[in-house]
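Comments concern the structure below.
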Amino acid sequence: MQAGPKALSERTTEEVEAAALATKLADEMLAADAFIFSVPLYNYAVSQHAKAWIDLLVTEPRFTVKVPSPISKRPAYLISARGGAYGPGMPKEGWDHVTPWLRRIFEDNWGLDLQLIDVELTLADVNPAMASLRDLAAFNLKQAHAAAKQAGEQLAARFTKSLAAEPGQA
Ligand SMILES: Cc1cc2nc3c(=O)[nH]c(=O)nc-3n(C[C@H](O)[C@H](O)[C@H](O)COP(=O)(O)O)c2cc1C
């Protein structure tokens, strides 16, 4: 059985290309001071795109679970958009498998300072069966926009403060 990554000389062209993409993704993450993850709920789980991105990134030596997270404590926002509603008391409470799983990755594995912004009932305006939920959807969207604005202001304040604290900065 293979104990670790294959030696470079033994890799196929596809494996070399995949490793190069993982390196690019890891470099992008390391270059960011903060993160905004906007992730949809698809069939009660993360989209294949988000899953593939994470699956590839964690193969990169700097992002494996075997080493301390290189992006620990950086601010991050998870904007989770879903057509329905999954909060307490809803018929499908507990069916949202995006938020709990991404919290394991973003908070527990990567140590990010994570804030959640949920956008629910996004299908109410286009799905006639959800017509009675349109006012609630509009209220929800307004709340999500307010939460996003507040998060942006907090982030700006945080960086302004840390820049001001750096020697040589005004
Ligand atoms: C393939 C697919 C599966 C979906 N599955 C769900 C679902 O299980 N639950 C839900 O509430 N919404 C579901 N939706 C709706 C999306 O979560 C909703 O449109 C959300 O706003 C996603 O953002 P987007 O419109 O930018 O893709 C699904 C949408 C698609 C395209």
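Order determines the names: the first chain of the structure tokens is A, the second B, and so forth; residues in each chain are numbered 1 upward, and ligands are numbered 1 upward as they are shown.
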What's the 12 Å shell around stretch 87-101 of chain A, counting only C-alpha atoms, without same-chain residues fewer than 2 positions away, as a PyMOL selection string?
-> chain A and resi 37-48+50-51+54+77-85+103-109+114-121+140
How would you write, as a VMD selection string, the set of residues in stretch 63-159 of chain A that DSSP gives as alpha helix (DSSP H)?
-> chain A and resid 98 to 103 134 to 159
All residues 12 Å or closer to A:Trp110, only C-alpha atoms, same chain fewer than 3 positions away omitted, as a CSV table (one decimal) with N, CA and C atoms, in the first residue's frame:
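Now in result_39.csv:
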chain,number,residue,atom,x,y,z
A,29,MET,N,-4.7,30.7,-1.1
A,29,MET,CA,-5.2,30.8,0.3
A,29,MET,C,-4.2,31.5,1.2
A,30,LEU,N,-2.9,31.2,1.0
A,30,LEU,CA,-1.9,31.8,1.8
A,30,LEU,C,-1.8,33.3,1.6
A,35,PHE,N,-11.3,35.6,4.1
A,35,PHE,CA,-11.9,34.8,3.2
A,35,PHE,C,-13.4,35.0,3.2
A,54,ILE,N,-12.1,21.7,-1.9
A,54,ILE,CA,-11.5,21.3,-0.6
A,54,ILE,C,-10.7,20.0,-0.7
A,57,LEU,N,-7.4,20.8,-2.3
A,57,LEU,CA,-6.6,21.7,-1.4
A,57,LEU,C,-5.9,20.9,-0.3
A,58,VAL,N,-6.7,20.0,0.3
A,58,VAL,CA,-6.1,19.3,1.5
A,58,VAL,C,-5.1,18.2,1.1
A,62,ARG,N,1.0,21.8,2.6
A,62,ARG,CA,0.8,22.9,3.6
A,62,ARG,C,-0.6,22.8,4.2
A,63,PHE,N,-1.5,22.1,3.6
A,63,PHE,CA,-2.9,22.1,4.0
A,63,PHE,C,-3.4,20.7,4.5
A,64,THR,N,-2.5,19.8,4.6
A,64,THR,CA,-2.9,18.4,5.1
A,64,THR,C,-3.2,18.6,6.6
A,65,VAL,N,-4.0,17.6,7.1
A,65,VAL,CA,-4.4,17.7,8.5
A,65,VAL,C,-3.2,17.3,9.4
A,66,LYS,N,-2.1,16.9,8.8
A,66,LYS,CA,-0.9,16.5,9.5
A,66,LYS,C,0.0,17.6,10.0
A,67,VAL,N,-0.3,18.8,9.4
A,67,VAL,CA,0.5,20.0,9.8
A,67,VAL,C,-0.4,21.1,10.4
A,68,PRO,N,0.1,22.0,11.3
A,68,PRO,CA,-0.7,23.0,11.8
A,68,PRO,C,-1.2,23.9,10.6
A,69,SER,N,-2.4,24.4,10.8
A,69,SER,CA,-3.0,25.2,9.7
A,69,SER,C,-2.2,26.5,9.5
A,70,PRO,N,-1.8,26.8,8.2
A,70,PRO,CA,-1.1,28.0,8.0
A,70,PRO,C,-1.9,29.3,7.9
A,71,ILE,N,-3.3,29.1,8.0
A,71,ILE,CA,-4.2,30.2,7.9
A,71,ILE,C,-5.0,30.4,9.2
A,72,SER,N,-4.5,29.8,10.2
A,72,SER,CA,-5.2,29.8,11.5
A,72,SER,C,-5.5,31.3,12.0
A,73,LYS,N,-6.7,31.5,12.5
A,73,LYS,CA,-7.1,32.8,13.1
A,73,LYS,C,-7.4,33.9,12.1
A,74,ARG,N,-7.3,33.6,10.8
A,74,ARG,CA,-7.6,34.6,9.8
A,74,ARG,C,-9.2,34.7,9.8
A,75,PRO,N,-9.7,35.9,9.5
A,75,PRO,CA,-11.2,36.1,9.5
A,75,PRO,C,-11.8,35.4,8.2
A,76,ALA,N,-12.9,34.8,8.4
A,76,ALA,CA,-13.6,34.1,7.3
A,76,ALA,C,-15.1,34.2,7.5
A,102,LEU,N,-18.8,22.2,6.7
A,102,LEU,CA,-17.9,23.3,6.5
A,102,LEU,C,-17.3,23.8,7.8
A,103,ARG,N,-18.0,23.8,8.8
A,103,ARG,CA,-17.5,24.2,10.1
A,103,ARG,C,-16.3,23.3,10.6
A,104,ARG,N,-16.5,22.0,10.3
A,104,ARG,CA,-15.4,21.1,10.6
A,104,ARG,C,-14.1,21.5,9.9
A,105,ILE,N,-14.3,21.7,8.6
A,105,ILE,CA,-13.1,22.1,7.7
A,105,ILE,C,-12.6,23.5,8.1
A,106,PHE,N,-13.4,24.5,8.1
A,106,PHE,CA,-13.0,25.8,8.2
A,106,PHE,C,-12.5,26.2,9.7
A,107,GLU,N,-13.3,25.7,10.6
A,107,GLU,CA,-13.0,26.1,12.0
A,107,GLU,C,-12.1,25.0,12.7
A,113,ASP,N,-11.3,32.1,11.9
A,113,ASP,CA,-12.2,32.8,12.8
A,113,ASP,C,-13.4,33.1,12.0
A,114,LEU,N,-14.4,32.1,12.1
A,114,LEU,CA,-15.5,32.0,11.1
A,114,LEU,C,-16.8,32.7,11.6
Go ahead and compute the interatomic distance for atom CA of A:Thr122 and atom 15 (C, counted along the ligand's line) of ligand 1, in Å to one decimal.
-> 7.2 Å
To one decimal place, how far is atom CA of A:Thr12 from atom CA of A:Ala26 in Å?
-> 21.1 Å
Residues near A:Ala124, cut-off 9 Å, only C-alpha atoms, skip fewer than 5 positions along chain, as a PyMOL selection string | chain A and resi 83-84+129-137
DSSP on the backbone, then: every residue of stretch 34-127 of chain A marked strand (DSSP E), written as number ranges by chain.
-> A: 35-42, 45-46, 75-81, 113-119
Between atom CA of A:Gly152 and atom CA of A:Ala164 lies a distance of 18.2 Å
Option closest in space to ligand 1, from A:Ala156, A:Leu25, A:Ala148, A:Val126 [counting only C-alpha atoms and all ligand atoms] =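 So, comparing all the options, the nearest one is A:Val126.
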Name the closest residue to A:Trp53 among the candidates A:Ala18, A:Ala31, A:Lys6, A:Lys142; distances are taken between atoms, counting only C-alpha atoms.
->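 Closest candidate: A:Ala18.
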Nearest to ligand 1 among A:Thr160, A:Gln143, A:Gln154, A:Asn127, with distances taken over only C-alpha atoms and all ligand atoms: which residue is it?
->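 Among the listed residues, A:Asn127 lies closest to ligand 1.
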For ligand 1, which of A:Ala165, A:Leu155, A:Gly111, A:His49 is the closest residue, counting only C-alpha atoms and all ligand atoms?
-> A:His49
